[in-house]
Structure formats: structure tokens, C-alpha cells
file work_11.tsv (TSV, C-alpha atoms)
chain	number	residue	atom	x	y	z
V	4	MET	CA	2.90	11.09	-12.17
V	5	PRO	CA	3.62	10.62	-8.47
V	6	TYR	CA	1.22	8.82	-6.19
V	7	VAL	CA	0.90	9.90	-2.58
V	8	ASN	CA	-1.02	7.95	0.04
V	9	ILE	CA	-1.73	9.64	3.36
V	10	LYS	CA	-3.05	7.44	6.15
V	11	ILE	CA	-4.56	9.13	9.19
V	12	THR	CA	-6.85	8.05	11.97
V	13	ARG	CA	-10.54	8.75	11.37
V	14	GLU	CA	-11.01	11.53	13.90
V	15	GLY	CA	-12.97	14.18	12.12
V	16	ALA	CA	-10.77	15.58	9.36
V	17	THR	CA	-13.00	17.99	7.43
V	18	PRO	CA	-13.38	18.21	3.64
V	19	GLU	CA	-11.54	21.53	3.84
V	20	GLN	CA	-8.59	19.92	5.65
V	21	LYS	CA	-8.50	17.10	3.12
V	22	LYS	CA	-8.39	19.65	0.31
V	23	ARG	CA	-5.41	21.28	1.99
V	24	LEU	CA	-3.63	17.93	2.36
V	25	ILE	CA	-4.22	17.14	-1.32
V	26	LYS	CA	-3.14	20.59	-2.46
V	27	GLY	CA	-0.12	20.61	-0.15
V	28	ALA	CA	1.14	17.17	-1.15
V	29	THR	CA	0.74	18.00	-4.84
V	30	ASP	CA	2.57	21.30	-4.46
V	31	LEU	CA	5.38	19.53	-2.59
V	32	LEU	CA	6.01	17.13	-5.48
V	33	VAL	CA	5.96	20.00	-7.96
V	34	GLU	CA	8.35	22.15	-5.94
V	35	VAL	CA	10.87	19.49	-4.92
V	36	LEU	CA	10.92	17.28	-8.01
V	37	GLY	CA	9.30	19.37	-10.73
V	38	LYS	CA	6.54	16.78	-11.16
V	39	ASN	CA	3.47	17.51	-13.29
V	40	PRO	CA	0.58	18.33	-10.92
V	41	LYS	CA	-2.00	17.19	-13.51
V	42	THR	CA	-1.04	13.55	-13.06
V	43	THR	CA	-0.13	13.73	-9.38
V	44	VAL	CA	-2.58	11.58	-7.42
V	45	VAL	CA	-3.16	11.87	-3.67
V	46	VAL	CA	-5.29	9.34	-1.78
V	47	ILE	CA	-6.23	9.84	1.88
V	48	ASP	CA	-7.15	6.77	3.93
V	49	GLU	CA	-8.98	7.35	7.21
V	50	VAL	CA	-8.53	4.45	9.59
V	51	ASP	CA	-10.68	3.70	12.63
V	52	THR	CA	-8.83	4.20	15.91
V	53	ASP	CA	-9.49	0.54	16.76
V	54	ASN	CA	-7.54	-0.41	13.64
V	55	TRP	CA	-4.46	1.74	14.19
V	56	GLY	CA	-1.80	0.79	16.66
V	57	ILE	CA	1.42	2.32	17.88
V	58	GLY	CA	3.61	1.03	20.69
V	59	GLY	CA	1.55	-2.16	20.66
V	60	GLU	CA	-1.65	-0.32	21.71
V	61	THR	CA	-4.66	0.75	19.68
V	62	VAL	CA	-5.21	4.47	19.31
V	63	THR	CA	-8.63	3.96	20.91
V	64	ILE	CA	-6.88	2.95	24.13
V	65	LEU	CA	-4.21	5.63	23.82
V	66	ARG	CA	-6.86	8.34	23.45
V	67	GLN	CA	-8.62	7.13	26.61
V	68	GLN	CA	-5.36	7.28	28.54
V	69	ALA	CA	-4.44	10.72	27.25
Q	11	MET	CA	0.86	-15.72	-5.56
Q	12	PRO	CA	0.52	-12.20	-6.97
Q	13	TYR	CA	-1.30	-9.50	-5.07
Q	14	VAL	CA	-3.23	-6.83	-6.94
Q	15	ASN	CA	-4.68	-3.74	-5.32
Q	16	ILE	CA	-7.13	-1.65	-7.32
Q	17	LYS	CA	-8.02	1.75	-5.91
Q	18	ILE	CA	-11.03	3.55	-7.36
Q	19	THR	CA	-13.26	6.37	-6.21
Q	20	ARG	CA	-16.43	5.26	-4.44
Q	21	GLU	CA	-18.95	6.15	-7.10
Q	22	GLY	CA	-21.28	3.21	-7.30
Q	23	ALA	CA	-19.27	0.27	-8.64
Q	24	THR	CA	-21.65	-2.71	-8.48
Q	25	PRO	CA	-20.87	-6.17	-7.09
Q	26	GLU	CA	-21.02	-7.42	-10.69
Q	27	GLN	CA	-18.41	-4.89	-11.82
Q	28	LYS	CA	-16.18	-5.79	-8.89
Q	29	LYS	CA	-16.42	-9.45	-9.87
Q	30	ARG	CA	-15.31	-8.55	-13.37
Q	31	LEU	CA	-12.36	-6.53	-12.03
Q	32	ILE	CA	-11.29	-9.44	-9.82
Q	33	LYS	CA	-11.71	-11.99	-12.60
Q	34	GLY	CA	-10.00	-9.77	-15.15
Q	35	ALA	CA	-6.99	-8.95	-12.97
Q	36	THR	CA	-6.54	-12.61	-12.07
Q	37	ASP	CA	-6.75	-13.70	-15.71
Q	38	LEU	CA	-4.20	-11.03	-16.64
Q	39	LEU	CA	-1.61	-12.43	-14.22
Q	40	VAL	CA	-2.26	-15.96	-15.45
Q	41	GLU	CA	-1.98	-15.02	-19.12
Q	42	VAL	CA	1.04	-12.71	-18.94
Q	43	LEU	CA	3.14	-14.41	-16.27
Q	44	GLY	CA	1.66	-17.89	-15.92
Q	45	LYS	CA	0.78	-17.25	-12.28
Q	46	ASN	CA	-1.40	-19.65	-10.32
Q	47	PRO	CA	-4.91	-18.15	-10.08
Q	48	LYS	CA	-5.65	-20.09	-6.87
Q	49	THR	CA	-3.25	-17.92	-4.88
Q	50	THR	CA	-3.76	-14.69	-6.80
Q	51	VAL	CA	-5.34	-12.11	-4.51
Q	52	VAL	CA	-7.14	-8.98	-5.69
Q	53	VAL	CA	-8.26	-6.28	-3.27
Q	54	ILE	CA	-10.43	-3.34	-4.37
Q	55	ASP	CA	-10.35	-0.16	-2.30
Q	56	GLU	CA	-13.16	2.33	-2.83
Q	57	VAL	CA	-12.15	5.82	-1.76
Q	58	ASP	CA	-14.51	8.73	-1.05
Q	59	THR	CA	-14.27	11.50	-3.63
Q	60	ASP	CA	-13.33	13.92	-0.82
Q	61	ASN	CA	-10.29	11.72	-0.14
Q	62	TRP	CA	-8.98	11.41	-3.70
Q	63	GLY	CA	-7.12	14.23	-5.40
Q	64	ILE	CA	-5.61	14.78	-8.81
Q	65	GLY	CA	-4.09	17.99	-10.08
Q	66	GLY	CA	-4.23	19.31	-6.52
Q	67	GLU	CA	-8.06	19.19	-6.43
Q	68	THR	CA	-10.39	16.71	-4.77
Q	69	VAL	CA	-12.52	14.59	-7.09
Q	70	THR	CA	-15.58	16.02	-5.31
Q	71	ILE	CA	-14.70	19.45	-6.69
Q	72	LEU	CA	-13.70	18.10	-10.10
Q	73	ARG	CA	-17.06	16.33	-10.47
Q	74	GLN	CA	-18.91	19.57	-9.65
Q	75	GLN	CA	-16.94	21.41	-12.31
Q	76	ALA	CA	-17.43	18.71	-14.95
J	11	MET	CA	-8.11	8.11	-12.15
J	12	PRO	CA	-7.72	4.60	-10.79
J	13	TYR	CA	-4.51	3.38	-9.25
J	14	VAL	CA	-3.50	-0.24	-9.64
J	15	ASN	CA	-0.62	-1.85	-7.76
J	16	ILE	CA	0.56	-5.27	-8.89
J	17	LYS	CA	2.96	-7.09	-6.58
J	18	ILE	CA	4.83	-10.10	-7.97
J	19	THR	CA	7.92	-11.99	-6.97
J	20	ARG	CA	11.11	-10.87	-8.71
J	21	GLU	CA	11.63	-13.86	-10.95
J	22	GLY	CA	12.51	-12.45	-14.32
J	23	ALA	CA	9.44	-10.63	-15.60
J	24	THR	CA	10.57	-8.98	-18.85
J	25	PRO	CA	9.93	-5.37	-19.91
J	26	GLU	CA	7.56	-6.77	-22.55
J	27	GLN	CA	5.57	-8.67	-19.91
J	28	LYS	CA	5.40	-5.60	-17.72
J	29	LYS	CA	4.06	-3.60	-20.66
J	30	ARG	CA	1.33	-6.18	-21.12
J	31	LEU	CA	0.43	-6.04	-17.42
J	32	ILE	CA	0.20	-2.24	-17.54
J	33	LYS	CA	-1.81	-2.26	-20.78
J	34	GLY	CA	-4.07	-5.05	-19.55
J	35	ALA	CA	-4.82	-3.51	-16.18
J	36	THR	CA	-5.57	-0.14	-17.80
J	37	ASP	CA	-7.87	-1.72	-20.38
J	38	LEU	CA	-9.68	-3.59	-17.61
J	39	LEU	CA	-10.54	-0.39	-15.76
J	40	VAL	CA	-11.69	1.26	-18.98
J	41	GLU	CA	-13.88	-1.68	-19.99
J	42	VAL	CA	-15.46	-2.48	-16.63
J	43	LEU	CA	-15.85	0.98	-15.14
J	44	GLY	CA	-15.43	3.36	-18.07
J	45	LYS	CA	-12.41	4.98	-16.42
J	46	ASN	CA	-10.21	7.42	-18.31
J	47	PRO	CA	-7.03	5.57	-19.36
J	48	LYS	CA	-5.02	8.82	-19.48
J	49	THR	CA	-5.08	9.13	-15.69
J	50	THR	CA	-5.02	5.42	-14.87
J	51	VAL	CA	-1.78	4.60	-13.09
J	52	VAL	CA	-0.32	1.10	-12.76
J	53	VAL	CA	2.68	0.38	-10.54
J	54	ILE	CA	4.39	-3.02	-10.51
J	55	ASP	CA	6.40	-4.00	-7.44
J	56	GLU	CA	8.84	-6.89	-7.82
J	57	VAL	CA	9.62	-8.48	-4.47
J	58	ASP	CA	12.58	-10.75	-3.70
J	59	THR	CA	11.55	-14.35	-3.05
J	60	ASP	CA	13.15	-14.08	0.42
J	61	ASN	CA	10.71	-11.28	1.19
J	62	TRP	CA	7.50	-12.99	0.04
J	63	GLY	CA	5.80	-15.63	2.12
J	64	ILE	CA	2.75	-17.79	1.72
J	65	GLY	CA	1.66	-20.56	4.05
J	66	GLY	CA	4.25	-19.33	6.55
J	67	GLU	CA	7.17	-20.14	4.21
J	68	THR	CA	9.29	-17.89	2.02
J	69	VAL	CA	8.95	-18.36	-1.71
J	70	THR	CA	12.69	-19.05	-1.79
J	71	ILE	CA	12.09	-22.21	0.25
J	72	LEU	CA	8.93	-23.13	-1.67
J	73	ARG	CA	10.80	-22.93	-4.99
J	74	GLN	CA	13.51	-25.26	-3.65
J	75	GLN	CA	10.89	-27.78	-2.58
J	76	ALA	CA	8.98	-27.60	-5.87
X	19	MET	CA	10.05	2.46	13.11
X	20	PRO	CA	8.51	-0.42	11.18
X	21	TYR	CA	5.12	-0.12	9.55
X	22	VAL	CA	2.86	-3.15	9.34
X	23	ASN	CA	-0.35	-3.25	7.31
X	24	ILE	CA	-2.72	-6.16	7.87
X	25	LYS	CA	-5.53	-6.56	5.36
X	26	ILE	CA	-8.39	-8.88	6.26
X	27	THR	CA	-11.93	-9.33	5.06
X	28	ARG	CA	-14.56	-7.44	7.07
X	29	GLU	CA	-16.20	-10.38	8.78
X	30	GLY	CA	-16.61	-9.36	12.37
X	31	ALA	CA	-13.14	-9.03	13.86
X	32	THR	CA	-13.69	-7.66	17.36
X	33	PRO	CA	-11.83	-4.75	19.00
X	34	GLU	CA	-10.22	-7.36	21.27
X	35	GLN	CA	-8.95	-9.37	18.29
X	36	LYS	CA	-7.62	-6.22	16.66
X	37	LYS	CA	-5.75	-5.38	19.86
X	38	ARG	CA	-4.15	-8.82	19.77
X	39	LEU	CA	-3.15	-8.37	16.12
X	40	ILE	CA	-1.57	-4.99	16.89
X	41	LYS	CA	0.20	-6.28	19.99
X	42	GLY	CA	1.35	-9.46	18.26
X	43	ALA	CA	2.71	-7.72	15.17
X	44	THR	CA	4.55	-5.19	17.31
X	45	ASP	CA	6.06	-7.91	19.51
X	46	LEU	CA	7.17	-9.80	16.41
X	47	LEU	CA	9.17	-6.85	15.11
X	48	VAL	CA	10.74	-6.32	18.53
X	49	GLU	CA	11.68	-9.99	18.95
X	50	VAL	CA	12.98	-10.70	15.45
X	51	LEU	CA	14.65	-7.41	14.56
X	52	GLY	CA	15.02	-5.59	17.87
X	53	LYS	CA	12.84	-2.73	16.63
X	54	ASN	CA	11.59	-0.01	18.97
X	55	PRO	CA	7.94	-0.73	19.80
X	56	LYS	CA	7.24	2.93	20.53
X	57	THR	CA	7.52	3.86	16.85
X	58	THR	CA	6.15	0.61	15.42
X	59	VAL	CA	2.89	1.33	13.61
X	60	VAL	CA	0.28	-1.29	12.75
X	61	VAL	CA	-2.70	-0.50	10.53
X	62	ILE	CA	-5.53	-2.98	9.98
X	63	ASP	CA	-7.66	-2.64	6.85
X	64	GLU	CA	-10.98	-4.47	6.81
X	65	VAL	CA	-12.17	-5.07	3.26
X	66	ASP	CA	-15.73	-5.96	2.22
X	67	THR	CA	-16.05	-9.52	0.92
X	68	ASP	CA	-17.33	-8.11	-2.41
X	69	ASN	CA	-14.02	-6.28	-2.76
X	70	TRP	CA	-11.67	-9.19	-2.03
X	71	GLY	CA	-10.96	-11.89	-4.57
X	72	ILE	CA	-8.93	-15.04	-4.66
X	73	GLY	CA	-8.85	-17.57	-7.46
X	74	GLY	CA	-10.72	-15.05	-9.62
X	75	GLU	CA	-13.81	-15.16	-7.35
X	76	THR	CA	-15.04	-12.70	-4.76
X	77	VAL	CA	-15.02	-13.90	-1.16
X	78	THR	CA	-18.77	-13.20	-1.09
X	79	ILE	CA	-19.26	-15.96	-3.65
X	80	LEU	CA	-16.70	-18.27	-2.03
X	81	ARG	CA	-18.47	-17.97	1.36
X	82	GLN	CA	-21.80	-18.93	-0.28
X	83	GLN	CA	-20.23	-22.01	-1.84
X	84	ALA	CA	-18.50	-23.09	1.35
U	29	MET	CA	0.89	9.12	13.98
U	30	PRO	CA	0.17	9.60	10.26
U	31	TYR	CA	1.84	7.47	7.64
U	32	VAL	CA	2.65	8.95	4.26
U	33	ASN	CA	3.82	6.92	1.28
U	34	ILE	CA	5.20	8.78	-1.71
U	35	LYS	CA	5.73	6.77	-4.88
U	36	ILE	CA	7.84	8.29	-7.63
U	37	THR	CA	9.68	6.96	-10.64
U	38	ARG	CA	13.35	6.18	-10.05
U	39	GLU	CA	14.89	8.99	-12.07
U	40	GLY	CA	17.61	10.40	-9.92
U	41	ALA	CA	15.96	12.00	-6.90
U	42	THR	CA	18.85	13.09	-4.67
U	43	PRO	CA	19.17	12.50	-0.90
U	44	GLU	CA	18.66	16.24	-0.49
U	45	GLN	CA	15.39	16.15	-2.44
U	46	LYS	CA	14.20	13.15	-0.42
U	47	LYS	CA	14.92	15.06	2.78
U	48	ARG	CA	12.78	17.91	1.50
U	49	LEU	CA	9.93	15.54	0.63
U	50	ILE	CA	10.07	13.97	4.10
U	51	LYS	CA	10.26	17.35	5.84
U	52	GLY	CA	7.54	18.84	3.68
U	53	ALA	CA	5.09	15.96	4.10
U	54	THR	CA	5.64	15.95	7.85
U	55	ASP	CA	5.13	19.71	8.11
U	56	LEU	CA	1.93	19.40	6.06
U	57	LEU	CA	0.40	16.96	8.51
U	58	VAL	CA	1.40	19.14	11.45
U	59	GLU	CA	0.01	22.31	9.90
U	60	VAL	CA	-3.27	20.95	8.53
U	61	LEU	CA	-4.21	18.41	11.20
U	62	GLY	CA	-2.03	19.27	14.16
U	63	LYS	CA	-0.39	15.84	14.08
U	64	ASN	CA	2.64	15.03	16.18
U	65	PRO	CA	5.71	15.13	13.91
U	66	LYS	CA	7.63	12.74	16.18
U	67	THR	CA	5.43	9.81	15.15
U	68	THR	CA	4.78	10.93	11.58
U	69	VAL	CA	6.34	8.42	9.19
U	70	VAL	CA	7.12	9.11	5.53
U	71	VAL	CA	8.25	6.36	3.18
U	72	ILE	CA	9.42	7.09	-0.37
U	73	ASP	CA	9.24	4.30	-2.95
U	74	GLU	CA	11.25	4.74	-6.12
U	75	VAL	CA	9.86	2.64	-8.95
U	76	ASP	CA	11.70	1.70	-12.15
U	77	THR	CA	10.26	3.40	-15.23
U	78	ASP	CA	9.60	-0.06	-16.72
U	79	ASN	CA	7.33	-0.75	-13.74
U	80	TRP	CA	5.26	2.42	-13.84
U	81	GLY	CA	2.50	2.94	-16.35
U	82	ILE	CA	0.10	5.71	-17.17
U	83	GLY	CA	-2.31	5.80	-20.08
U	84	GLY	CA	-1.54	2.12	-20.66
U	85	GLU	CA	2.12	2.83	-21.48
U	86	THR	CA	5.27	2.37	-19.40
U	87	VAL	CA	7.10	5.53	-18.40
U	88	THR	CA	10.16	4.11	-20.18
U	89	ILE	CA	8.28	4.36	-23.48
U	90	LEU	CA	6.73	7.73	-22.62
U	91	ARG	CA	10.17	9.20	-21.88
U	92	GLN	CA	11.47	7.99	-25.26
U	93	GLN	CA	8.57	9.64	-27.03
U	94	ALA	CA	8.89	12.90	-25.14
K	6	MET	CA	-6.67	-15.05	2.89
K	7	PRO	CA	-5.11	-12.18	4.82
K	8	TYR	CA	-2.39	-10.05	3.32
K	9	VAL	CA	0.31	-8.62	5.57
K	10	ASN	CA	2.84	-6.03	4.44
K	11	ILE	CA	5.82	-5.34	6.69
K	12	LYS	CA	7.92	-2.29	5.86
K	13	ILE	CA	11.32	-1.99	7.50
K	14	THR	CA	14.46	-0.02	6.79
K	15	ARG	CA	17.09	-1.86	4.73
K	16	GLU	CA	19.66	-2.41	7.44
K	17	GLY	CA	20.77	-5.99	7.07
K	18	ALA	CA	17.78	-8.18	7.93
K	19	THR	CA	18.94	-11.74	7.20
K	20	PRO	CA	16.99	-14.40	5.26
K	21	GLU	CA	16.59	-16.21	8.57
K	22	GLN	CA	15.04	-13.15	10.22
K	23	LYS	CA	12.72	-12.66	7.26
K	24	LYS	CA	11.59	-16.28	7.57
K	25	ARG	CA	10.76	-15.65	11.20
K	26	LEU	CA	8.79	-12.51	10.33
K	27	ILE	CA	6.80	-14.41	7.69
K	28	LYS	CA	6.19	-17.38	9.98
K	29	GLY	CA	5.29	-15.16	12.93
K	30	ALA	CA	2.87	-12.96	11.02
K	31	THR	CA	1.15	-15.99	9.51
K	32	ASP	CA	0.85	-17.69	12.91
K	33	LEU	CA	-0.61	-14.49	14.37
K	34	LEU	CA	-3.45	-14.42	11.83
K	35	VAL	CA	-4.15	-18.09	12.41
K	36	GLU	CA	-4.19	-17.75	16.19
K	37	VAL	CA	-6.17	-14.53	16.51
K	38	LEU	CA	-8.65	-14.86	13.65
K	39	GLY	CA	-8.52	-18.53	12.67
K	40	LYS	CA	-7.35	-17.64	9.16
K	41	ASN	CA	-6.13	-20.29	6.74
K	42	PRO	CA	-2.30	-20.14	6.67
K	43	LYS	CA	-2.19	-21.62	3.14
K	44	THR	CA	-3.59	-18.43	1.62
K	45	THR	CA	-2.01	-15.99	4.06
K	46	VAL	CA	0.47	-13.80	2.18
K	47	VAL	CA	3.25	-11.80	3.83
K	48	VAL	CA	5.34	-9.30	1.88
K	49	ILE	CA	8.38	-7.58	3.39
K	50	ASP	CA	9.53	-4.27	1.90
K	51	GLU	CA	13.02	-3.10	2.77
K	52	VAL	CA	13.36	0.66	2.34
K	53	ASP	CA	16.64	2.59	2.06
K	54	THR	CA	17.34	4.78	5.08
K	55	ASP	CA	17.41	7.82	2.76
K	56	ASN	CA	13.82	7.02	1.82
K	57	TRP	CA	12.38	6.61	5.32
K	58	GLY	CA	11.59	9.55	7.52
K	59	ILE	CA	10.28	10.02	11.01
K	60	GLY	CA	9.98	13.30	12.88
K	61	GLY	CA	10.70	15.08	9.59
K	62	GLU	CA	14.23	13.60	9.36
K	63	THR	CA	15.57	10.75	7.22
K	64	VAL	CA	16.71	7.65	9.08
K	65	THR	CA	20.13	8.16	7.48
K	66	ILE	CA	20.51	11.39	9.45
K	67	LEU	CA	18.96	9.93	12.61
K	68	ARG	CA	21.44	7.02	12.56
K	69	GLN	CA	24.36	9.46	12.26
K	70	GLN	CA	23.11	11.42	15.26
K	71	ALA	CA	22.50	8.32	17.37
call {"tool": "encode", "arguments": {"input": "work_11.tsv", "output": "C-alpha cells"}}
result
Amino acid sequence: MPYVNIKITREGATPEQKKRLIKGATDLLVEVLGKNPKTTVVVIDEVDTDNWGIGGETVTILRQQA
Amino acid sequence: MPYVNIKITREGATPEQKKRLIKGATDLLVEVLGKNPKTTVVVIDEVDTDNWGIGGETVTILRQQA
Amino acid sequence: MPYVNIKITREGATPEQKKRLIKGATDLLVEVLGKNPKTTVVVIDEVDTDNWGIGGETVTILRQQA
Amino acid sequence: MPYVNIKITREGATPEQKKRLIKGATDLLVEVLGKNPKTTVVVIDEVDTDNWGIGGETVTILRQQA
Amino acid sequence: MPYVNIKITREGATPEQKKRLIKGATDLLVEVLGKNPKTTVVVIDEVDTDNWGIGGETVTILRQQA
Amino acid sequence: MPYVNIKITREGATPEQKKRLIKGATDLLVEVLGKNPKTTVVVIDEVDTDNWGIGGETVTILRQQA
């Protein structure tokens, strides 16, 4: 029954990578807590780099400086 | 003052259906808890089927198998 | 497969009221969008009135003024 | 280490305004709680006006009535 | 920079199990997307069984029926 | 109408500090985007240090090492 929300910046994650995130997060809940995978929900949010900040800076700016 | 967040897969919910979700969720809080509808907020998130998983599978895959 | 999160202030909602919120939110998704109730998840968060603000004031203060 | 999520309606917030929200929220956590800005994360979600409701009405409708 | 939120029912997860969830979710983001673990945040929410519903029923009731 | 969620570790934030967070976040939305403070909601979640991880480690462990 767990619910997992993964927030990442929108920078080109592929459908294949998303499948691996969903499979990996589900497996983690099964292995660590014995949860039922059938009702384990994983939702991935992709967030524009203008809308994500760390250290008081947007990721858009941080990527330009990198 | 309640805040309700409804997450669904992005599969064509119409503006009319969203209105009914917002009205219905607001009414529910009023009826069950006597909350003030004026400050009851409802936010609907529509999530791509590639980004939603259940049972360790993306909904994209599940829809293809259905 | 929908996920609904209801945030309310912690002010004595009873188990019976929570059951009605969960049942009502699930029914809403079934009626409006034809979702499967079996995989519809509802999570209620109860938040201390010190931790909830509206209009720039905590609910603790607003309740004292009411 | 704090995490701040700001949800607003998608009504034309500019990259400059988002930068100010991210900077301002980060500064707030530093000033009030002495948090480390380097690991303070701010995520802005912009939500379509059809998907945001208050008072049981979508913002789309409320904007038309205003 | 990813942010992962894991919501589970409050049914006795130990500090050791939480450590494994945090480590496992962080490793997953590193492996699949090459994210920097140093700024990967994982937050676990434990939710009372009265406050979690699936299939229109609280988990409290479902556990009694099981 | 904005909704702001601030997640911090549960390490003794006082009611006074929470008031400042709520006031500050509300003021920020008013100043930057001209939002109406009356319907601006701020919710603070305090999370146990066992339930918060960064760099693959719980904050409980990180505090012991500091």
C-alpha cells in the first residue's frame, strides 16, 4: 500500500529509466518492509529547471555555471 | 481551510470532470467536518502514464497489456 | 489508481469521520472518472494548528480570535 | 536540509519571479531556523487553472467572473 | 538534487528499516539517473492506519478483517 | 490562492518561529506574484530525524557525526 513520490528535474529521463525507478522503488518497499507490490504506487514528477532551486539558485542558473 | 490533492493519470479528464472533482471534494469536507468551503483548496495533478507505476510496472505498459 | 491526499488541521476528527472522508473521496473518483476503487488510495494528514497558516497567521491564533 | 514546495496557478510567472521565490524561501529558512542554504530545496509547481479549485469552483471559472 | 517521499502506514518500521529505505532510494537515483547522492533527499511519512484508505476502507478496518 | 508546504526536521522549532515562517512565506507570495494573502495557505511538516535522509544517511546519524 505504500506511496512513493520521486521528484526530479525535467532533463531527459527516458521511459526506460522511469520504468527502472518505478521497479526499483517498488522492490525496495517489498524487500525492506514486506509490502505488497500490487498496491505499491510510484509517481514521478518532472520539474522544469526554472522551477527547482537549491542553495537559493534555480537549477537553470546552476547548470549554466557548471 | 482544508487542502485536497488529487493525483490521476493524464488520460483525458475533461474540464467538466475536473469541476465535478473539485466540487465533490469540497462538498465532502463541508459535509463530514463542517469545513468552510470558501477556503477549501483542491488541486488536481495529472501525471503521464510513463510516470505512474503500480505493481512495479508503468501504467503505459499496463494499458498495453489490458 | 488515483491517489488523494486530504490535509486538515488536527482538531479532533474522529475515526468515523475519517472513514467517511476515505469512502467519499473514493466514491468521487469512481463516479466522476470511472476509476477502480480497489487501487484508489486516500491519505489524511492532520496538521497541528501551530503548523497551519492562512492569511499569514497560524490557525492557533485565528482560533483564539474567533 | 529543508524542502519547500510552492504551488501556484499557471498564469505567467516569469523565470525572474521564480528566482525571487526560490531565493526568498531559502533566505526565510536561513533567517528563521538557521538552516543551511546549500541543502535547502525549493520546488515550484504551476497548476492549470482548470485543475485548481477554491470554494468548490475552478480558478478558470473564478477568473471569468472576476 | 532529487527529492523522494515515501509514505507508509505507521506499523512499526524500525530505525534500521528506515535507514535501508533512505539508502536504497538514494542508491536508486544514483544508479538510474546518475544523480548526486549528496543532495538527494528522502523523507518518510508514517501515517496512522485510521488515516490511510484503500478500496474505500481504512487500513485499520482492513487489518481487522485480514 | 497559493499553497506552500515547508518540510523541516523535528528539532525544536518554536511556535514563534513557525509564525515567522508562515508570515514570511505569505509575504513572499504577495510581494513576488501579487497573490492574495487571505487565501494563501502555508503548511509546515516536522519530520523525525530518523525519517529524513540526505546523502543516503538519516539525519539522526548525521547529527551524531557532526
call {"tool": "calpha_fit_and_write", "arguments": {"input": "work_11.tsv", "fixed": "chain K", "moving": "chain X", "output": "compact mmCIF listing (two decimals) with C-alpha atoms, in the frame of the given file"}}
result
# COMPACT_ATOMS: atom_id res chain seq x y z
CA MET X 19 -6.65 -15.06 2.85
CA PRO X 20 -5.11 -12.19 4.80
CA TYR X 21 -2.38 -10.04 3.32
CA VAL X 22 0.32 -8.62 5.57
CA ASN X 23 2.85 -6.02 4.44
CA ILE X 24 5.82 -5.34 6.70
CA LYS X 25 7.92 -2.30 5.86
CA ILE X 26 11.32 -1.98 7.50
CA THR X 27 14.45 -0.02 6.78
CA ARG X 28 17.07 -1.87 4.72
CA GLU X 29 19.65 -2.41 7.42
CA GLY X 30 20.75 -5.99 7.07
CA ALA X 31 17.78 -8.18 7.94
CA THR X 32 18.92 -11.73 7.20
CA PRO X 33 17.00 -14.39 5.25
CA GLU X 34 16.58 -16.20 8.58
CA GLN X 35 15.02 -13.13 10.21
CA LYS X 36 12.71 -12.65 7.25
CA LYS X 37 11.59 -16.27 7.57
CA ARG X 38 10.75 -15.64 11.22
CA LEU X 39 8.78 -12.50 10.32
CA ILE X 40 6.80 -14.40 7.68
CA LYS X 41 6.18 -17.36 9.97
CA GLY X 42 5.30 -15.15 12.93
CA ALA X 43 2.87 -12.95 11.01
CA THR X 44 1.17 -15.98 9.52
CA ASP X 45 0.85 -17.68 12.91
CA LEU X 46 -0.61 -14.49 14.37
CA LEU X 47 -3.43 -14.41 11.83
CA VAL X 48 -4.15 -18.10 12.41
CA GLU X 49 -4.19 -17.75 16.21
CA VAL X 50 -6.17 -14.53 16.51
CA LEU X 51 -8.64 -14.85 13.65
CA GLY X 52 -8.51 -18.52 12.68
CA LYS X 53 -7.34 -17.63 9.17
CA ASN X 54 -6.11 -20.28 6.75
CA PRO X 55 -2.30 -20.15 6.66
CA LYS X 56 -2.19 -21.63 3.16
CA THR X 57 -3.59 -18.44 1.62
CA THR X 58 -2.00 -15.99 4.06
CA VAL X 59 0.47 -13.80 2.19
CA VAL X 60 3.25 -11.80 3.83
CA VAL X 61 5.34 -9.29 1.88
CA ILE X 62 8.38 -7.57 3.39
CA ASP X 63 9.52 -4.27 1.90
CA GLU X 64 13.02 -3.10 2.78
CA VAL X 65 13.36 0.65 2.33
CA ASP X 66 16.64 2.58 2.06
CA THR X 67 17.33 4.78 5.09
CA ASP X 68 17.40 7.83 2.76
CA ASN X 69 13.81 7.03 1.81
CA TRP X 70 12.37 6.60 5.31
CA GLY X 71 11.59 9.54 7.54
CA ILE X 72 10.28 10.02 11.02
CA GLY X 73 10.00 13.29 12.88
CA GLY X 74 10.71 15.07 9.58
CA GLU X 75 14.24 13.58 9.35
CA THR X 76 15.56 10.75 7.22
CA VAL X 77 16.71 7.65 9.08
CA THR X 78 20.13 8.16 7.47
CA ILE X 79 20.50 11.38 9.45
CA LEU X 80 18.95 9.92 12.61
CA ARG X 81 21.43 6.99 12.55
CA GLN X 82 24.36 9.45 12.28
CA GLN X 83 23.10 11.39 15.28
CA ALA X 84 22.49 8.30 17.38
call {"tool": "residues_around", "arguments": {"input": "work_11.tsv", "residues": "range 32-45 of chain Q", "least_positions_apart": "6", "cutoff": "7 Å", "atoms": "only C-alpha atoms", "output": "number ranges by chain"}}
result
Q: 11, 52; J: 27, 30-31, 34-35, 38; X: 71, 74-75
call {"tool": "atom_distance", "arguments": {"input": "work_11.tsv", "atom1": "CA of Thr27 in chain X", "atom2": "CA of Asn15 in chain Q"}}
result
13.8 Å
call {"tool": "interface_residues", "arguments": {"input": "work_11.tsv", "of": "chain U", "to": "chain X", "cutoff": "9 Å", "atoms": "all atoms listed in the file", "output": "list of chain:residue names"}}
result
U:Met29, U:Tyr31, U:Lys66, U:Thr67, U:Val69
call {"tool": "atom_distance", "arguments": {"input": "work_11.tsv", "atom1": "CA of Ile18 in chain Q", "atom2": "CA of Glu56 in chain Q"}}
result
5.2 Å
call {"tool": "atom_distance", "arguments": {"input": "work_11.tsv", "atom1": "CA of Ile71 in chain J", "atom2": "CA of Lys17 in chain J"}}
result
18.9 Å
call {"tool": "closest_residue", "arguments": {"input": "work_11.tsv", "among": "U:Val32, U:Arg38, U:Gln93, U:Pro43", "to": "Asn79 in chain U", "atoms": "all atoms listed in the file"}}
result
U:Arg38
call {"tool": "residues_around", "arguments": {"input": "work_11.tsv", "residues": "Asp68 in chain X", "least_positions_apart": "5", "cutoff": "9 Å", "atoms": "all atoms listed in the file", "output": "list of chain:residue names"}}
result
Q:Pro25, Q:Lys28, Q:Lys29, Q:Ile54, X:Thr76, X:Val77, X:Thr78, X:Ile79
call {"tool": "axis_aligned_box", "arguments": {"input": "work_11.tsv", "around": "range 48-54 of chain X", "padding_each_side": "3 Å", "output": "AutoDock Vina command-line options"}}
result
--center_x 12.9 --center_y -5.4 --center_z 16.8 --size_x 10.3 --size_y 16.7 --size_z 10.4
call {"tool": "decode", "arguments": {"input": "work_11.tsv", "residues": "range 60-72 of chain J", "atoms": "C-alpha atoms", "output": "CSV table (one decimal), in the first residue's frame"}}
result
chain,number,residue,atom,x,y,z
J,60,ASP,CA,0.6,25.9,15.0
J,61,ASN,CA,1.8,24.5,11.7
J,62,TRP,CA,-1.0,25.7,9.5
J,63,GLY,CA,-1.3,29.2,8.4
J,64,ILE,CA,-3.7,31.2,6.3
J,65,GLY,CA,-3.7,34.9,5.7
J,66,GLY,CA,-0.2,35.0,7.2
J,67,GLU,CA,-1.5,33.8,10.7
J,68,THR,CA,-1.4,30.5,12.3
J,69,VAL,CA,-4.7,28.7,12.9
J,70,THR,CA,-3.8,28.7,16.6
J,71,ILE,CA,-4.0,32.5,16.6
J,72,LEU,CA,-7.1,32.6,14.3
